[in-house]
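Peer 1: Please see the structure below; I have some questions.
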Amino acid sequence: MNPENSDLMYRLLVQSVVDYAIYMLTPDGVVSSWNAGAQRAKGYEPGEIVGQHYSRFYREEDLAAGLPALNLRIATDTGRFEDQGWRVRKDGSAFWAHVVIDAIRDDQGALLGFAKITRDCTEQRQAELAQREQERRFRYLVQGVTDYAIYMLDIDGHVVNWNAGAERAKGYKASEIVGQHFSVFYTEPDRLAGLPQLALTTARTTSRFEAEGWRLRKDGTQFWTSVVIDAIHDDDGALIGFAKITRDITERHRQEQRLIAAKELAEDASRQMASLSDFLDSVIANIPASVLVLDVATRSILLANQQAQRLFARAGVCLKGALAGDCLSPEVADYIELHSNDISAASGSLDDAMLVQTSIGPRNVRSRTVAGTRPEGDYVLIITEDVTDELAAYAQIHHMAQHDGLTNLPNRTFFNQRLETALAQSRADQSGVAVLCIDLDNFKNINDAFGHGFGDKILLTLAGRLRKCLREHDTLARLGGDEFAVVLSHATRIEEAQQAAQRLIEAVAPAFSIDGHNFSVGISVGIALAAPEGNTAEQMLQFADMALYEAKRNGRGRYDVFRPELDALARARRQMEIDLRRALHRGELKMHYQPIIERAGNRISGYEALIRWQHPERGAIPPIDFIPLAEETGLIHELGVRALNLACQEAATWTKGETIAVNLSPIQFKSTELVATVALALADSGLDAARLELEITESVLLDNSDGNIRVLKALKKLGVRISLDDFGTGYSSLSYLRSFPFDKIKIDKSFVQEMGQSREAMAIIRAITGLSSSLLIETTAEGVETEEQFQRLKEEGCSHFQGYLFGRPEAAENRIVTLEERPANV
């Protein structure tokens, strides 16, 4: 490419970028160029800013600290300055910016100036700060609780974390107890009786264990506790640990025991009620619970401690000696009446919590009632606990166990409960149920390219859009990752479910604007309608998932409805998996070889190895049918090793030194043995490493790019050649060519087939060949079928060619070894 044209293209490229401020500075920091992204980010027209010092973008305090000069000095000394911080627009407003300043030098090393790139990250910064604040508040909430020991256990019962309340109650610091088994809090007899394991087993099977009992502190002292252990499951329903809340109720227990002892003593000795009241007054003065004693006959209050006075009494009214109906609010009086009427039912056990409008507001209270007798008549002792805070903590844990942490939608466990409820209701009244399984199309590519934090923002926005399309009684859940599902209750006709699915698809269609980027993320939907005779929840999800698979197979961005033949197709896929496993062991998979031609057009420089499957009953099965299945099931690792070994062994027998190209699946890069597998194939076959060419697609660089680049470098170190296949068909980026020194780029056959009719296809081919030529990278054009295509591609600078014009893939014994002589002008 002409250097002047290249410079012009790069200059036009920079000027057209609007998401990044890109401009040049002189060695003194004066702005010498200004692109559209800079004008958009900072508000200055080129005529207003070119010639001005770039320090005007800094705040006053940064100018006072000398940051502009310091930043240029760092760039000068190190070659680059990179930082984040506040910058100022023309209108005086501030924005959070990611800044890179690169020193530009001539061939002799003299400083020519600086290239400065600025990106507006204000929204990202605000989102990060908001997330940190939310996490900080929640952490302070748990850590700040001192009346309750709140901590997590792993699935085996080891302590995972530790709050201030736990340290206060049990005496251990976090560094002393985290990692220890929670059985250290039990007494020796309880441990020998297996109570710790019994508690975990109960929580695991019933989701909750609740009890009271003695526990040990670090110093060996015992205290009476109220203990709750809740099982915590992940989005897939797998147990990940337990949430444990312990409350020290020693004083309450002691006082209750003393109350009971006092009652028994009073009954045994037949003491006068007055002496019992005096004794009880001294005992219960500071009991944490509220204590009321009522005369059964007169309904007067014989005894009320200060907690009862605070919780139940009207303002300025003393409870002791008054009638319950005169000194209590109507709702409190009804509550007390409920617990004192049925003396025969008074057993001393705690009742269920009840919401009561008390003197200090609505509170959840729980009471135990004990009946007794004195010479003057019968009485009722009512001990009431305020459990509002305790229940709120339990409710929060219960909510967390049933909802997705990111979107706050129901999780898989809660979704299944809602689905089973809807199915039961439908069986009873024939109201109908439909299930929609939803999957984002190509979401993984966005996650890999921009990070999971970015993907989470898309999921959060998407959940809001989906929720707005559904009725109030429908259930939208996140099952995990980018999978969502909907329970449509009262859906008797498939048209209703189809309309709902179409609304969801249309709601997601508008582009998502996240951190200055616009993305179009489509969804595919699978629909299953409950049969009149009824289905199980598991069947409904399976049917909807089959329909989803069909929707994605038919082009994505659409919905499909489950029909019985999809079940047959699913069984066929399972059968093909079984057959493929059998084929690997029976040697039914063979390699075919298609020639790769040099520019001269008559010499075969190498071959691409293509795997073929000849099924004993079904005949030839196309790779497009079994390769995706192998990737989905993990068989691609064994299949890939087989293909590599066969190709290397066959190529080692060739006498003219031809190269052999073998395709690698992105899934194979997840194996830590890939490099060793290639090295072993070369060693076993005796093939020169320089003759082996490994073809990868761009998705390898999208998926765990840092790790995969390390693998590619290790493969390159073996001496093999690396080729980038199907370049231009996916998320092509020049950064790929910068991140790794590829030996060859393969132009996808779709561009070759369209080059005669499509200006765009021809422009892409020309761009790829021009780029390859400047980077000294070979290019292979795939799918060459006509002489005209061959001639045009030669003119564009392609170095190698492959296609039916030169030969189809053939088995090893029929491999094309020579080509007919071609005309000199072809």
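If you're wondering about the labels, chains in the structure tokens are A, B, ... by order shown, residues count from 1 in each chain, ligands from 1 in order shown.
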Would you please extract all alpha helix (DSSP H) residues from range 701-803 of chain A, as assigned by DSSP on the backbone, and give them as a PyMOL selection string?

Peer 2: chain A and resi 701-702+705-717+734-739+749-754+759-774+787-795

Peer 1: Write out as JSON, numbers by chain the residues lying within 8 Å of range 456-458 of chain A, counting only C-alpha atoms and excluding same-chain residues fewer than 4 positions away.

Peer 2: {"A": [406, 452, 462, 512, 514]}

Peer 1: Can you write just those residues out, N, CA and C atoms, as a PDB file, in the first residue's frame?

Peer 2:
```
ATOM      1  N   LEU A 406     -27.937 -10.847  41.174  1.00  0.00           N
ATOM      2  CA  LEU A 406     -27.713  -9.731  40.256  1.00  0.00           C
ATOM      3  C   LEU A 406     -29.020  -9.024  39.902  1.00  0.00           C
ATOM      4  N   HIS A 452     -17.089  -9.582  32.306  1.00  0.00           N
ATOM      5  CA  HIS A 452     -18.335 -10.018  32.941  1.00  0.00           C
ATOM      6  C   HIS A 452     -19.055  -8.862  33.628  1.00  0.00           C
ATOM      7  N   LEU A 462     -31.640  -5.933  30.673  1.00  0.00           N
ATOM      8  CA  LEU A 462     -32.504  -6.861  29.965  1.00  0.00           C
ATOM      9  C   LEU A 462     -33.613  -7.394  30.872  1.00  0.00           C
ATOM     10  N   PHE A 512     -28.902  -1.741  23.323  1.00  0.00           N
ATOM     11  CA  PHE A 512     -28.570  -1.431  24.710  1.00  0.00           C
ATOM     12  C   PHE A 512     -27.419  -0.424  24.710  1.00  0.00           C
ATOM     13  N   ILE A 514     -24.633   0.891  26.960  1.00  0.00           N
ATOM     14  CA  ILE A 514     -23.911   0.581  28.190  1.00  0.00           C
ATOM     15  C   ILE A 514     -22.536   1.214  28.120  1.00  0.00           C
TER      16      ILE A 514
END
```

Peer 1: Which residues are close to Glu420 in chain A, i.e. within 12 Å by only C-alpha atoms, leaving aside same-chain residues fewer than 6 positions away? Reply as a list of chain:residue names.

Peer 2: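 Non-adjacent residues within range: A:Thr413, A:Phe414, A:Ser426, A:Arg427, A:Val433, A:Ala434, A:Val435, A:Thr475, A:Val487, A:Ser489, A:Ala530, A:Gly534, A:Asn535, A:Thr536, A:Ala537, A:Glu538, A:Gln539, A:Met540, A:Leu541.
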
Peer 1: Within 10 Å of Gly481 in chain A, counting only C-alpha atoms, which residues qualify if same-chain residues fewer than 4 places away don't, as a PyMOL selection string?

Peer 2: chain A and resi 235+439-440+443-444+455-456+459

Peer 1: Could you write out that same residue set with N, CA, C and O atoms as a short mmCIF file (atom, residue, chain, number, x, y, z; two decimals), in the first residue's frame?

Peer 2:
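In the end it all went to part-v6.cif:
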```cif
data_model
loop_
_atom_site.label_atom_id
_atom_site.label_comp_id
_atom_site.auth_asym_id
_atom_site.auth_seq_id
_atom_site.Cartn_x
_atom_site.Cartn_y
_atom_site.Cartn_z
N ASP A 235 -27.67 -20.95 41.94
CA ASP A 235 -28.73 -20.84 40.94
C ASP A 235 -29.13 -22.18 40.36
O ASP A 235 -30.26 -22.35 39.87
N ASP A 439 -32.96 -17.51 25.99
CA ASP A 439 -31.50 -17.53 25.97
C ASP A 439 -31.02 -16.38 25.10
O ASP A 439 -31.57 -16.12 24.03
N LEU A 440 -29.99 -15.65 25.57
CA LEU A 440 -29.45 -14.54 24.81
C LEU A 440 -28.60 -15.08 23.66
O LEU A 440 -27.85 -16.05 23.84
N PHE A 443 -24.36 -13.92 23.49
CA PHE A 443 -24.00 -13.11 24.64
C PHE A 443 -22.58 -13.41 25.12
O PHE A 443 -21.89 -12.53 25.63
N LYS A 444 -22.14 -14.65 24.96
CA LYS A 444 -20.82 -15.03 25.42
C LYS A 444 -19.73 -14.20 24.74
O LYS A 444 -18.74 -13.84 25.38
N GLY A 455 -21.10 -7.41 30.98
CA GLY A 455 -22.21 -8.31 30.69
C GLY A 455 -23.29 -8.26 31.75
O GLY A 455 -24.49 -8.36 31.45
N ASP A 456 -22.88 -8.11 33.03
CA ASP A 456 -23.87 -8.03 34.12
C ASP A 456 -24.78 -6.83 33.93
O ASP A 456 -25.98 -6.88 34.24
N LEU A 459 -27.36 -7.74 31.43
CA LEU A 459 -28.36 -8.66 32.01
C LEU A 459 -29.34 -7.91 32.91
O LEU A 459 -30.54 -8.20 32.91
#
```

Peer 1: So that I can see what lies close to range 221-234 of chain A, please list as a tab-separated table (two decimals) with N, CA, C and O atoms, in the first residue's frame the residues with an atom at most 6 Å from it, counting only C-alpha atoms and leaving out residues fewer than 2 positions away in the same chain.

Peer 2:
```tsv
chain	number	residue	atom	x	y	z
A	203	ALA	N	-30.71	-29.28	58.21
A	203	ALA	CA	-30.73	-28.09	57.35
A	203	ALA	C	-30.61	-28.47	55.88
A	203	ALA	O	-31.24	-27.86	55.01
A	204	ARG	N	-29.81	-29.49	55.60
A	204	ARG	CA	-29.61	-29.91	54.21
A	204	ARG	C	-30.89	-30.53	53.62
A	204	ARG	O	-31.21	-30.31	52.45
A	207	SER	N	-33.96	-27.60	54.57
A	207	SER	CA	-33.56	-26.21	54.30
A	207	SER	C	-33.36	-25.39	55.57
A	207	SER	O	-32.82	-24.30	55.51
A	208	ARG	N	-33.79	-25.88	56.75
A	208	ARG	CA	-33.60	-25.09	57.97
A	208	ARG	C	-33.49	-26.01	59.18
A	208	ARG	O	-34.19	-27.02	59.29
A	209	PHE	N	-32.58	-25.62	60.10
A	209	PHE	CA	-32.51	-26.26	61.41
A	209	PHE	C	-32.64	-25.15	62.46
A	209	PHE	O	-32.03	-24.10	62.34
A	210	GLU	N	-33.48	-25.36	63.46
A	210	GLU	CA	-33.72	-24.35	64.49
A	210	GLU	C	-33.81	-25.05	65.84
A	210	GLU	O	-34.52	-26.06	65.98
A	211	ALA	N	-33.08	-24.54	66.82
A	211	ALA	CA	-33.09	-25.17	68.14
A	211	ALA	C	-32.53	-24.20	69.18
A	211	ALA	O	-32.00	-23.13	68.85
A	212	GLU	N	-32.66	-24.58	70.44
A	212	GLU	CA	-32.02	-23.89	71.55
A	212	GLU	C	-31.17	-24.90	72.29
A	212	GLU	O	-31.47	-26.10	72.31
A	213	GLY	N	-30.08	-24.43	72.88
A	213	GLY	CA	-29.23	-25.35	73.63
A	213	GLY	C	-27.98	-24.67	74.13
A	213	GLY	O	-27.74	-23.48	73.87
A	214	TRP	N	-27.19	-25.42	74.89
A	214	TRP	CA	-25.94	-24.89	75.44
A	214	TRP	C	-24.83	-24.92	74.40
A	214	TRP	O	-24.71	-25.87	73.64
A	215	ARG	N	-24.03	-23.87	74.35
A	215	ARG	CA	-22.86	-23.80	73.48
A	215	ARG	C	-21.67	-23.29	74.28
A	215	ARG	O	-21.83	-22.72	75.37
A	216	LEU	N	-20.48	-23.48	73.71
A	216	LEU	CA	-19.24	-23.12	74.40
A	216	LEU	C	-18.61	-21.87	73.79
A	216	LEU	O	-18.59	-21.69	72.58
A	217	ARG	N	-18.08	-21.00	74.68
A	217	ARG	CA	-17.27	-19.88	74.24
A	217	ARG	C	-15.81	-20.31	74.15
A	217	ARG	O	-15.43	-21.42	74.57
A	219	ASP	N	-13.40	-19.28	75.96
A	219	ASP	CA	-12.80	-19.48	77.29
A	219	ASP	C	-13.38	-20.69	78.03
A	219	ASP	O	-13.06	-20.93	79.18
A	236	ASP	N	-28.22	-23.16	40.40
A	236	ASP	CA	-28.55	-24.47	39.85
A	236	ASP	C	-29.13	-25.41	40.90
A	236	ASP	O	-29.37	-26.58	40.64
A	237	GLY	N	-29.34	-24.90	42.12
A	237	GLY	CA	-29.92	-25.71	43.18
A	237	GLY	C	-28.89	-26.51	43.96
A	237	GLY	O	-29.25	-27.29	44.85
A	238	ALA	N	-27.60	-26.33	43.65
A	238	ALA	CA	-26.56	-27.08	44.36
A	238	ALA	C	-26.26	-26.41	45.70
A	238	ALA	O	-26.19	-25.18	45.80
A	239	LEU	N	-26.09	-27.22	46.73
A	239	LEU	CA	-25.78	-26.70	48.06
A	239	LEU	C	-24.38	-26.09	48.06
A	239	LEU	O	-23.41	-26.73	47.64
A	240	ILE	N	-24.27	-24.83	48.53
A	240	ILE	CA	-22.96	-24.18	48.58
A	240	ILE	C	-22.54	-23.85	50.01
A	240	ILE	O	-21.42	-23.41	50.24
A	241	GLY	N	-23.41	-24.10	50.98
A	241	GLY	CA	-23.05	-23.82	52.37
A	241	GLY	C	-24.27	-23.55	53.22
A	241	GLY	O	-25.40	-23.85	52.85
A	242	PHE	N	-24.01	-22.97	54.41
A	242	PHE	CA	-25.09	-22.72	55.35
A	242	PHE	C	-24.91	-21.33	55.96
A	242	PHE	O	-23.79	-20.87	56.19
A	243	ALA	N	-26.03	-20.63	56.20
A	243	ALA	CA	-26.04	-19.37	56.94
A	243	ALA	C	-26.47	-19.69	58.37
A	243	ALA	O	-27.51	-20.30	58.59
A	244	LYS	N	-25.67	-19.25	59.34
A	244	LYS	CA	-25.92	-19.61	60.74
A	244	LYS	C	-26.07	-18.34	61.57
A	244	LYS	O	-25.24	-17.43	61.51
A	245	ILE	N	-27.18	-18.25	62.30
A	245	ILE	CA	-27.45	-17.12	63.19
A	245	ILE	C	-27.59	-17.66	64.61
A	245	ILE	O	-28.40	-18.55	64.86
A	246	THR	N	-26.78	-17.14	65.49
A	246	THR	CA	-26.80	-17.57	66.89
A	246	THR	C	-27.05	-16.35	67.76
A	246	THR	O	-26.40	-15.31	67.60
A	247	ARG	N	-27.98	-16.51	68.70
A	247	ARG	CA	-28.29	-15.42	69.63
A	247	ARG	C	-28.10	-15.91	71.06
A	247	ARG	O	-28.61	-16.97	71.44
A	248	ASP	N	-27.36	-15.14	71.82
A	248	ASP	CA	-27.14	-15.47	73.23
A	248	ASP	C	-28.40	-15.10	74.02
A	248	ASP	O	-28.70	-13.93	74.22
A	249	ILE	N	-29.14	-16.12	74.45
A	249	ILE	CA	-30.36	-15.89	75.24
A	249	ILE	C	-30.21	-16.49	76.63
A	249	ILE	O	-31.18	-16.94	77.25
A	250	THR	N	-28.96	-16.50	77.11
A	250	THR	CA	-28.69	-17.10	78.43
A	250	THR	C	-29.50	-16.41	79.51
A	250	THR	O	-30.13	-17.08	80.36
A	401	ALA	N	-31.91	-16.77	49.44
A	401	ALA	CA	-31.87	-18.16	49.02
A	401	ALA	C	-32.77	-18.44	47.83
A	401	ALA	O	-32.59	-19.45	47.14
```

Peer 1: Find the residues around range 740-751 of chain A up to 7 Å (only C-alpha atoms counted), leave out those fewer than 3 positions away in its own chain, and share them as a list in words.

Peer 2: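 With the cut-off at 7 Å, the set is Arg721, Ile722, Ser723, Leu724, Asp725, Asp726, Phe727, Tyr736, Leu737, Glu754, Met755, Ala761, Ile777, Glu778, Thr779, Thr780, Ala781, Glu782 and Gly783 of chain A.
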
Peer 1: Would you compute the distance between CA of Glu577 in chain A and CA of Ile621 in chain A? Give it in Å to one decimal.

Peer 2: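 Interatomic distance here is 12.6 Å.
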
Peer 1: Just to confirm, what's the straight-line distance from CA of Ala652 in chain A to CA of Gly606 in chain A in Å (one decimal)?

Peer 2: 12.3 Å

Peer 1: Please provide as a PyMOL selection string all residues within 9 Å of range 313-322 of chain A, with the sequence filter that same-chain residues fewer than 5 positions apart are discarded (counting only C-alpha atoms).

Peer 2: chain A and resi 292+299-305+308+327-329+332+358-359

Peer 1: Could you give me the residues within range 176-380 of chain A that DSSP places in strand (DSSP E or B), as a VMD selection string?

Peer 2: chain A and resid 181 208 to 216 222 to 233 239 to 248 290 to 295 300 to 304 313 323 328 354 to 358 361 to 374 377 to 380

Peer 1: Could you jot down the CA of Gly325 in chain A to CA of Glu264 in chain A separation for me, Å, one decimal place?

Peer 2: 29.2 Å
